[in-house]
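Notes for the one structure printed next.
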Amino acid sequence: MSEAICPVCPHHCRLKEGAYGRCRARKNVEGSVVPINYGKLTALALDPIEKKPIAFFHPGSYVLSVGSFGCNLSCPFCQNYEIAAAGEETAGRMIELAPWQLRDLAKEEIPRGNIGVAYTYNEALVGYEYVRDAAKLVHEAGLLNVLVTNGMAELPILEEFLPYMDAMNIDLKGFRPEIYKYLGGDFETVKRFIARSAKECHVELTTLIVPGMNDDFEDMRREAEWIAEIDSDIPLHITRYFPRHKMKKPPTDIKVMRRLKAVAEESLSRVLLGNV
């Protein structure tokens with residue numbers, strides 16, 4: 001049996017034949033690591049683009065939003081854990097849509113205000129091949145592509161779909177390596193992903209403020225200063241945490257949220273509060 005190393009994210013899972021990666025969406029099949037969630041959708045909805053959240057890219061429009069299953073982080077406060085923390089056997093009901101079928105469905109929704117496709121809900125990049133293939137066809141049809149991601153992907157993977165991506169919302173979980181270690185991720189990988197993406201498409205960032213994890217004012221000051229080094233006009237969504245999945249802490253204090261916003265505004269021109 002031949003082992004294979006997954007190239008997608010910094011975990012670089014070393015998989016024996018038939019083994020699954022920690023994302024639960026990739027598997028060693030005959031010596032190649034393949035996405036078993038390709039075209040298998042657990043969620044499909046026409047959403048306001050502001051729900052992604054994206055505030056400064058075609059505001060007031062709608063986007064056909066699709067999700068599958070799997071994620072390469074382990075956030076105890078995950079909002080969509082039913083599919084993000086699931087594998088193929090536990091993700092529930094799915095429909096299968098080939099990239100061309102997704103493109104055609106997006107075109108059918110144009111009369112309802114649809115501008116394209118958003119790859120969202122779970123971590124889309126654990127099955128980046130589907131994002132790449134669908135996004136190319138969506139572009140060729142004259143529609144737009146939006147990605148909602150944790151940014152935990154290596155740059156060669158990003159380059160495969162970046163030419164077809166028009167907008168992204170990227171999670172920035174916090175601004176210390178220890179935070180990413182706690183969540184099962186890699187801080188530097190996410191920073192590289194953000195910096196590269198911002199050169200090619202519209203990028204907005206989201207930081208969910210979890211009490212005791214990333215609500216330090218100096219951390220936010222450093223985060224905002226780093227974002228401003230890329231572009232001070234990058235929108236930052238500072239979002240309020242609510243108990244979810246495995247985490248039962250009380251919601252983030254509104255006063256803390258407002259103070260964090262003020263700190264971020266020392267460096268950034270577009271800071272928004274979410275879930276308040």
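In the structure tokens, chains take the letters A, B, ... in the order shown, each chain's residues start at 1, and ligands count up from 1 in the order shown.
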**OP:** Write out as a PyMOL selection string the residues lying within 9 Å of stretch 248-250 of chain A, counting only C-alpha atoms and excluding same-chain residues fewer than 6 positions away.
**Re:** chain A and resi 77+210-211+241-242
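Near A:Met213, within 9 Å and counting only C-alpha atoms, sit Gly174, Ile179, Ile209, Val210 and Asp216 of chain A; same-chain residues fewer than 3 positions away were not included.
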**OP:** Find the spatial neighbours of A:Glu265, counting only C-alpha atoms, within a cut-off of 12 Å - ignore same-chain residues fewer than 5 positions away - and output them as an MDAnalysis selection string.
**Re:** chainID A and resid 220:225 227:228 232:238 258:260 270:273
**OP:** Identify, on the basis of only C-alpha atoms, every residue whose closest approach to stretch 156-167 of chain A does not exceed 6 Å; exclude the query and any residue fewer than 3 positions from it along the same chain; express the result as a PyMOL selection string.
**Re:** chain A and resi 132+135-136+145-146+201-203
Compile a residue-level contact table for stretch 125-206 of chain A against stretch 47-68 of chain A at a cut-off of 12 Å, reporting for every qualifying residue the shortest atom pair and its distance in Å to one decimal, with only C-alpha atoms counted, rows ordered by chain and ascending number, as a Markdown table.
```
| residue | atom | partner | partner_atom | distance |
| --- | --- | --- | --- | --- |
| A:Leu125 | CA | A:Ser68 | CA | 10.2 |
| A:Val126 | CA | A:Ser68 | CA | 9.6 |
| A:Gly127 | CA | A:Ser68 | CA | 8.5 |
| A:Tyr128 | CA | A:Ser68 | CA | 11.1 |
| A:Tyr130 | CA | A:Ser68 | CA | 10.2 |
| A:Val131 | CA | A:Val66 | CA | 10.1 |
| A:Ala134 | CA | A:Val66 | CA | 11.1 |
| A:Val138 | CA | A:Leu64 | CA | 11.2 |
| A:Leu143 | CA | A:Val63 | CA | 9.9 |
| A:Leu144 | CA | A:Val63 | CA | 8.7 |
| A:Asn145 | CA | A:Val63 | CA | 8.7 |
| A:Val146 | CA | A:Val63 | CA | 8.2 |
| A:Leu147 | CA | A:Lys52 | CA | 8.8 |
| A:Val148 | CA | A:Lys52 | CA | 6.8 |
| A:Thr149 | CA | A:Lys52 | CA | 10.1 |
| A:Asp166 | CA | A:Phe57 | CA | 9.1 |
| A:Ala167 | CA | A:Phe57 | CA | 7.4 |
| A:Met168 | CA | A:Ile54 | CA | 7.9 |
| A:Asn169 | CA | A:Ile54 | CA | 6.5 |
| A:Ile170 | CA | A:Pro53 | CA | 9.7 |
| A:Asp171 | CA | A:Pro53 | CA | 10.4 |
| A:Cys201 | CA | A:Phe57 | CA | 10.5 |
| A:His202 | CA | A:Phe57 | CA | 7.4 |
| A:Val203 | CA | A:Ile54 | CA | 8.6 |
| A:Glu204 | CA | A:Ile54 | CA | 6.5 |
| A:Leu205 | CA | A:Ile54 | CA | 8.7 |
| A:Thr206 | CA | A:Pro53 | CA | 8.0 |
```
Original post:
What's the 7 Å shell around A:Gly39, counting only C-alpha atoms, without same-chain residues fewer than 3 positions away, as a ChimeraX atom specification?
Top reply: /A:96-98,130
Original post:
So which residues of stretch 106-273 of chain A fall under alpha helix (DSSP H) by DSSP, listed as a PyMOL selection string?
Top reply: chain A and resi 106-108+128-140+155-161+177-183+187-198+217-231+254-264
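For the atom pair formed by atom CA of A:Glu89 and atom CA of A:Tyr20, the distance is 12.4 Å, given to one decimal.
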Original post:
Hey, what's within 12 Å of A:His12 if we count only C-alpha atoms and toss same-chain stuff fewer than 5 positions away? As a PyMOL selection string, please?
Top reply: chain A and resi 4-7+20-23+26+33+72+126+152-154+185-186
With C-alpha atoms retained, export the selected residues as a PDB file, in the first residue's frame.
```
ATOM      1  CA  ALA A   4       0.332   9.842   0.046  1.00  0.00           C
ATOM      2  CA  ILE A   5       0.764  13.325   1.508  1.00  0.00           C
ATOM      3  CA  CYS A   6      -2.070  15.788   1.080  1.00  0.00           C
ATOM      4  CA  PRO A   7      -0.816  19.115  -0.358  1.00  0.00           C
ATOM      5  CA  TYR A  20      -9.055  10.039   5.483  1.00  0.00           C
ATOM      6  CA  GLY A  21      -7.392  13.366   6.274  1.00  0.00           C
ATOM      7  CA  ARG A  22      -8.241  15.265   9.435  1.00  0.00           C
ATOM      8  CA  CYS A  23     -10.629  17.389   7.345  1.00  0.00           C
ATOM      9  CA  ARG A  26      -9.990  13.995   1.509  1.00  0.00           C
ATOM     10  CA  VAL A  33      -5.330  12.167  -2.189  1.00  0.00           C
ATOM     11  CA  ASN A  72      -9.360  21.472   8.497  1.00  0.00           C
ATOM     12  CA  VAL A 126     -10.878  21.052   1.663  1.00  0.00           C
ATOM     13  CA  MET A 152      -5.908  27.507   5.812  1.00  0.00           C
ATOM     14  CA  ALA A 153      -4.592  26.532   2.381  1.00  0.00           C
ATOM     15  CA  GLU A 154      -1.123  26.540   0.872  1.00  0.00           C
ATOM     16  CA  GLY A 185      -4.429  25.678  12.475  1.00  0.00           C
ATOM     17  CA  ASP A 186      -1.387  27.668  11.420  1.00  0.00           C
TER      18      ASP A 186
END
```
Original post:
Pick the closest to A:Arg192 from A:Lys173, A:Asn214, A:Arg24, A:Leu155: which is it, counting only C-alpha atoms?
Top reply: A:Leu155
Original post:
What is the atom CA of A:Val276 to atom CA of A:Pro243 distance in Å?
Top reply: 14.0 Å
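In this comparison, which uses only C-alpha atoms, the residue of A:Arg244, A:Ala262, A:Ser32, A:Phe193 approaching A:Glu82 most closely is A:Arg244.
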